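Enquirer: Contents of input06.pdb (PDB, C-alpha atoms) are below:
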```
ATOM      1  CA  MET A   1       0.000   0.000   0.000
ATOM      2  CA  HIS A   2       2.722   2.482   0.968
ATOM      3  CA  SER A   3       5.621   2.338  -1.455
ATOM      4  CA  ARG A   4       8.335   4.006   0.628
ATOM      5  CA  PRO A   5       9.057   5.046   4.197
ATOM      6  CA  ALA A   6       7.748   8.474   5.083
ATOM      7  CA  SER A   7      10.254  11.286   5.470
ATOM      8  CA  PHE A   8       8.927  13.757   7.976
ATOM      9  CA  ASP A   9      10.546  17.133   8.653
ATOM     10  CA  GLU A  10       9.648  20.217  10.710
ATOM     11  CA  LEU A  11       7.585  21.745   7.864
ATOM     12  CA  ASP A  12       5.604  18.518   7.570
ATOM     13  CA  ARG A  13       5.029  18.587  11.331
ATOM     14  CA  LYS A  14       3.697  22.176  11.103
ATOM     15  CA  ILE A  15       1.426  21.263   8.184
ATOM     16  CA  VAL A  16       0.055  18.213  10.000
ATOM     17  CA  THR A  17      -0.476  20.270  13.163
ATOM     18  CA  ALA A  18      -2.438  22.875  11.171
ATOM     19  CA  LEU A  19      -4.590  20.184   9.541
ATOM     20  CA  MET A  20      -5.219  18.470  12.875
ATOM     21  CA  ALA A  21      -6.402  21.781  14.334
ATOM     22  CA  ASN A  22      -8.706  22.391  11.352
ATOM     23  CA  ALA A  23      -8.735  20.043   8.363
ATOM     24  CA  ARG A  24     -10.607  22.689   6.360
ATOM     25  CA  THR A  25      -7.698  25.148   6.500
ATOM     26  CA  SER A  26      -6.722  26.018   2.947
ATOM     27  CA  PHE A  27      -3.299  25.202   1.549
ATOM     28  CA  ALA A  28      -2.792  28.953   1.057
ATOM     29  CA  GLU A  29      -3.482  29.637   4.756
ATOM     30  CA  ILE A  30      -1.173  26.841   5.839
ATOM     31  CA  GLY A  31       1.473  28.003   3.402
ATOM     32  CA  ALA A  32       1.346  31.554   4.773
ATOM     33  CA  ALA A  33       1.779  30.187   8.305
ATOM     34  CA  VAL A  34       4.719  27.883   7.487
ATOM     35  CA  GLY A  35       6.442  29.912   4.768
ATOM     36  CA  LEU A  36       5.549  27.834   1.690
ATOM     37  CA  SER A  37       3.428  28.359  -1.397
ATOM     38  CA  SER A  38       0.025  26.698  -1.489
ATOM     39  CA  THR A  39       1.342  24.426  -4.274
ATOM     40  CA  ALA A  40       4.255  23.300  -2.104
ATOM     41  CA  VAL A  41       1.864  22.616   0.803
ATOM     42  CA  LYS A  42      -0.394  20.570  -1.510
ATOM     43  CA  ARG A  43       2.576  18.525  -2.728
ATOM     44  CA  ARG A  44       3.616  17.816   0.843
ATOM     45  CA  VAL A  45       0.058  16.890   1.891
ATOM     46  CA  ASP A  46      -0.230  14.572  -1.126
ATOM     47  CA  ARG A  47       3.083  12.928  -0.160
ATOM     48  CA  LEU A  48       1.981  12.607   3.478
ATOM     49  CA  ARG A  49      -1.232  10.920   2.309
ATOM     50  CA  GLU A  50       0.618   8.570  -0.078
ATOM     51  CA  THR A  51       3.053   7.490   2.637
ATOM     52  CA  GLY A  52       0.309   6.925   5.221
ATOM     53  CA  VAL A  53       1.222   9.740   7.600
ATOM     54  CA  ILE A  54      -2.133  11.404   6.903
ATOM     55  CA  THR A  55      -4.777   8.698   6.831
ATOM     56  CA  GLY A  56      -7.853  10.811   6.135
ATOM     57  CA  PHE A  57      -9.887  13.897   6.883
ATOM     58  CA  THR A  58     -13.000  13.842   9.022
ATOM     59  CA  ALA A  59     -15.534  15.939  10.886
ATOM     60  CA  THR A  60     -15.814  15.761  14.658
ATOM     61  CA  VAL A  61     -19.422  15.825  15.830
ATOM     62  CA  ARG A  62     -20.862  16.281  19.304
ATOM     63  CA  PRO A  63     -22.085  12.781  20.238
ATOM     64  CA  SER A  64     -25.315  14.057  21.826
ATOM     65  CA  ALA A  65     -26.278  15.648  18.492
ATOM     66  CA  LEU A  66     -26.341  12.118  17.039
ATOM     67  CA  GLY A  67     -28.301  10.637  19.918
ATOM     68  CA  TRP A  68     -25.325   9.307  21.902
ATOM     69  CA  ARG A  69     -26.062  10.526  25.442
ATOM     70  CA  THR A  70     -24.440   7.730  27.452
ATOM     71  CA  GLU A  71     -20.781   6.806  27.303
ATOM     72  CA  ALA A  72     -18.666   4.182  29.071
ATOM     73  CA  TYR A  73     -15.377   2.354  28.981
ATOM     74  CA  VAL A  74     -15.621  -1.409  29.281
ATOM     75  CA  GLU A  75     -12.767  -3.678  30.326
ATOM     76  CA  VAL A  76     -13.114  -7.077  28.661
ATOM     77  CA  TYR A  77     -11.668 -10.222  30.243
ATOM     78  CA  CYS A  78     -11.442 -13.319  28.055
ATOM     79  CA  GLU A  79     -11.268 -17.045  28.733
ATOM     80  CA  GLY A  80      -7.809 -18.172  27.719
ATOM     81  CA  ALA A  81      -5.970 -16.198  25.085
ATOM     82  CA  ALA A  82      -8.399 -14.543  22.685
ATOM     83  CA  PRO A  83      -6.438 -13.413  19.642
ATOM     84  CA  PRO A  84      -6.748  -9.704  18.821
ATOM     85  CA  ARG A  85      -8.099 -10.659  15.373
ATOM     86  CA  ARG A  86     -11.057 -12.438  17.014
ATOM     87  CA  LEU A  87     -11.695  -9.522  19.369
ATOM     88  CA  ALA A  88     -11.646  -7.166  16.373
ATOM     89  CA  GLU A  89     -14.295  -9.287  14.611
ATOM     90  CA  VAL A  90     -16.541  -9.064  17.664
ATOM     91  CA  VAL A  91     -16.254  -5.314  18.174
ATOM     92  CA  ARG A  92     -16.959  -4.602  14.498
ATOM     93  CA  ASN A  93     -20.389  -6.172  15.031
ATOM     94  CA  HIS A  94     -21.343  -3.500  17.571
ATOM     95  CA  PRO A  95     -21.784  -0.022  16.018
ATOM     96  CA  GLU A  96     -21.953   1.436  19.532
ATOM     97  CA  ILE A  97     -18.259   0.665  20.080
ATOM     98  CA  ALA A  98     -16.452   3.893  19.163
ATOM     99  CA  ALA A  99     -12.953   2.527  19.852
ATOM    100  CA  ALA A 100     -11.411  -0.753  20.951
ATOM    101  CA  MET A 101      -7.909  -1.757  21.837
ATOM    102  CA  THR A 102      -5.981  -4.593  23.439
ATOM    103  CA  VAL A 103      -4.281  -3.468  26.645
ATOM    104  CA  THR A 104      -1.744  -4.485  29.246
ATOM    105  CA  GLY A 105      -2.792  -5.298  32.777
ATOM    106  CA  GLY A 106      -5.571  -7.565  33.944
ATOM    107  CA  ALA A 107      -8.032  -6.880  31.144
ATOM    108  CA  ASP A 108      -7.560  -8.224  27.625
ATOM    109  CA  ALA A 109      -9.249  -5.299  25.871
ATOM    110  CA  LEU A 110     -10.735  -1.888  26.529
ATOM    111  CA  LEU A 111     -13.854  -0.740  24.677
ATOM    112  CA  HIS A 112     -15.151   2.824  24.361
ATOM    113  CA  VAL A 113     -18.937   2.474  24.094
ATOM    114  CA  ARG A 114     -21.499   5.143  23.199
ATOM    115  CA  ALA A 115     -25.231   4.528  23.593
ATOM    116  CA  ARG A 116     -28.517   6.425  23.497
ATOM    117  CA  ASP A 117     -29.165   5.939  27.204
ATOM    118  CA  VAL A 118     -28.387   3.596  30.102
ATOM    119  CA  GLU A 119     -30.897   0.991  28.909
ATOM    120  CA  HIS A 120     -29.295   0.923  25.471
ATOM    121  CA  PHE A 121     -25.847   0.648  27.082
ATOM    122  CA  GLU A 122     -27.050  -2.304  29.152
ATOM    123  CA  GLU A 123     -28.348  -4.029  26.010
ATOM    124  CA  VAL A 124     -24.993  -3.461  24.247
ATOM    125  CA  LEU A 125     -23.147  -4.820  27.262
ATOM    126  CA  GLU A 126     -25.320  -7.947  27.281
ATOM    127  CA  ARG A 127     -24.640  -8.516  23.562
ATOM    128  CA  ILE A 128     -20.903  -8.224  24.203
ATOM    129  CA  ARG A 129     -21.112 -10.639  27.149
ATOM    130  CA  GLN A 130     -22.853 -13.261  24.973
ATOM    131  CA  GLU A 131     -19.605 -13.928  23.126
ATOM    132  CA  PRO A 132     -18.507 -17.403  24.262
ATOM    133  CA  PHE A 133     -14.903 -16.438  25.049
ATOM    134  CA  ILE A 134     -15.732 -13.378  27.184
ATOM    135  CA  ARG A 135     -15.422 -14.248  30.872
ATOM    136  CA  LYS A 136     -16.387 -10.899  32.400
ATOM    137  CA  THR A 137     -16.598  -7.170  31.823
ATOM    138  CA  ILE A 138     -16.082  -4.186  34.096
ATOM    139  CA  SER A 139     -17.732  -0.920  33.055
ATOM    140  CA  VAL A 140     -16.978   2.663  33.976
ATOM    141  CA  MET A 141     -19.541   5.312  32.972
ATOM    142  CA  VAL A 142     -18.277   8.687  31.749
ATOM    143  CA  LEU A 143     -19.772  11.606  33.678
ATOM    144  CA  SER A 144     -18.057  14.496  31.878
ATOM    145  CA  HIS A 145     -15.101  15.250  29.624
ATOM    146  CA  LEU A 146     -12.387  17.262  31.330
ATOM    147  CA  LEU A 147     -10.839  18.011  27.912
ATOM    148  CA  PRO A 148     -13.969  18.766  25.848
ATOM    149  CA  ASP A 149     -11.975  19.514  22.675
ATOM    150  CA  SER A 150     -10.162  16.169  22.701
ATOM    151  CA  PRO A 151     -10.930  13.572  20.018
ATOM    152  CA  GLU A 152     -12.431  11.314  22.686
ATOM    153  CA  ALA A 153     -15.112  13.930  23.378
ATOM    154  CA  GLY A 154     -16.291  13.791  19.746
ATOM    155  CA  VAL A 155     -17.331  11.050  17.389
ATOM    156  CA  SER A 156     -16.602  10.463  13.712
ATOM    157  CA  GLN A 157     -19.103   7.695  13.055
ATOM    158  CA  PRO A 158     -22.873   7.993  12.775
ATOM    159  CA  ALA A 159     -25.204   6.588  15.385
ATOM    160  CA  PRO A 160     -27.046   3.388  14.412
ATOM    161  CA  ASP A 161     -30.418   3.764  12.738
ATOM    162  CA  GLY A 162     -32.914   5.474  15.000
ATOM    163  CA  ALA A 163     -30.389   6.665  17.610
ATOM    164  CA  ALA A 164     -30.540  10.265  16.407
ATOM    165  CA  ASP A 165     -34.337  10.159  16.693
ATOM    166  CA  VAL A 166     -34.212   9.834  20.488
ATOM    167  CA  ARG A 167     -35.709  12.863  22.221
TER     168      ARG A 167
END
```
Please re-express this file's structure in structure tokens.

Expert:
Amino acid sequence: MHSRPASFDELDRKIVTALMANARTSFAEIGAAVGLSSTAVKRRVDRLRETGVITGFTATVRPSALGWRTEAYVEVYCEGAAPPRRLAEVVRNHPEIAAAMTVTGGADALLHVRARDVEHFEEVLERIRQEPFIRKTISVMVLSHLLPDSPEAGVSQPAPDGAADVR
């Protein structure tokens, strides 16, 4: 997929930082800030995309606007050694899982779950627990985001059908 290793210099870092702050910033605006022409910025962005440094552009949306009003982190404990590939298959079947990762420590995985409400969260949790290799889960509900502008406070995937219709 990526033909060569990515070279990454200070100008690239400044361009990526500008795009991370606002992906809609024009190449001309970025160029003025970093001392390059808009054409040179575009060439660098194209190269950063080709080499996999920049993986995409997205909008960050307030989860509650999409019907996600409940949020939790769920530690997953498996029977035996569940391969990460199998865990990935399971989490892909649950659109409420915003992020999932294998972790060190006692748990095998950590899931970031968004739901319409507590009842919906409970239903999601029960679906997760039905997997034959999951031994137990421990959930922690999110009360508020201390860094409201962080990526974790937003969502880049739509709610499942009907979630945005919740009043």

Enquirer: What is the CA of Leu143 (chain A)-CA of Arg69 (chain A) distance in Å, reported with one decimal?

Expert: 10.4 Å

Enquirer: Given the file above and the PyMOL selection byres ((chain A and resi 125-137) around 6), which residues are selected, and can you give them as a count of residues only?

Expert: 9

Enquirer: Just give me the gap between CA of Met101 (chain A) and CA of Val16 (chain A) in Å, one decimal is fine.

Expert: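 A separation of 24.5 Å between them.
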
Enquirer: Translate the PyMOL selection byres ((chain A and resi 21) around 12) into a concrete residue list for this structure, as a VMD selection string.

Expert: chain A and resid 14 to 20 22 to 25 30 57 to 60 149 to 151

Enquirer: Figure out the distance between CA of Gly56 (chain A) and CA of Glu71 (chain A), please, to one decimal in Å.

Expert: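 We find that CA of Glu71 (chain A) and CA of Gly56 (chain A) lie 25.1 Å from each other.
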
Enquirer: Kindly resolve the PyMOL selection byres ((chain A and resi 44-53) around 12) on the present coordinates and return the residues as a PyMOL selection string.

Expert: chain A and resi 1-19+23+26-27+30-31+36-43+54-57

Enquirer: Take the residues that were just selected and, keeping C-alpha atoms, output them as a CSV table (one decimal), in the coordinates of the input.

Expert:
```csv
chain,number,residue,atom,x,y,z
A,1,MET,CA,0.0,0.0,0.0
A,2,HIS,CA,2.7,2.5,1.0
A,3,SER,CA,5.6,2.3,-1.5
A,4,ARG,CA,8.3,4.0,0.6
A,5,PRO,CA,9.1,5.0,4.2
A,6,ALA,CA,7.7,8.5,5.1
A,7,SER,CA,10.3,11.3,5.5
A,8,PHE,CA,8.9,13.8,8.0
A,9,ASP,CA,10.5,17.1,8.7
A,10,GLU,CA,9.6,20.2,10.7
A,11,LEU,CA,7.6,21.7,7.9
A,12,ASP,CA,5.6,18.5,7.6
A,13,ARG,CA,5.0,18.6,11.3
A,14,LYS,CA,3.7,22.2,11.1
A,15,ILE,CA,1.4,21.3,8.2
A,16,VAL,CA,0.1,18.2,10.0
A,17,THR,CA,-0.5,20.3,13.2
A,18,ALA,CA,-2.4,22.9,11.2
A,19,LEU,CA,-4.6,20.2,9.5
A,23,ALA,CA,-8.7,20.0,8.4
A,26,SER,CA,-6.7,26.0,2.9
A,27,PHE,CA,-3.3,25.2,1.5
A,30,ILE,CA,-1.2,26.8,5.8
A,31,GLY,CA,1.5,28.0,3.4
A,36,LEU,CA,5.5,27.8,1.7
A,37,SER,CA,3.4,28.4,-1.4
A,38,SER,CA,0.0,26.7,-1.5
A,39,THR,CA,1.3,24.4,-4.3
A,40,ALA,CA,4.3,23.3,-2.1
A,41,VAL,CA,1.9,22.6,0.8
A,42,LYS,CA,-0.4,20.6,-1.5
A,43,ARG,CA,2.6,18.5,-2.7
A,54,ILE,CA,-2.1,11.4,6.9
A,55,THR,CA,-4.8,8.7,6.8
A,56,GLY,CA,-7.9,10.8,6.1
A,57,PHE,CA,-9.9,13.9,6.9
```
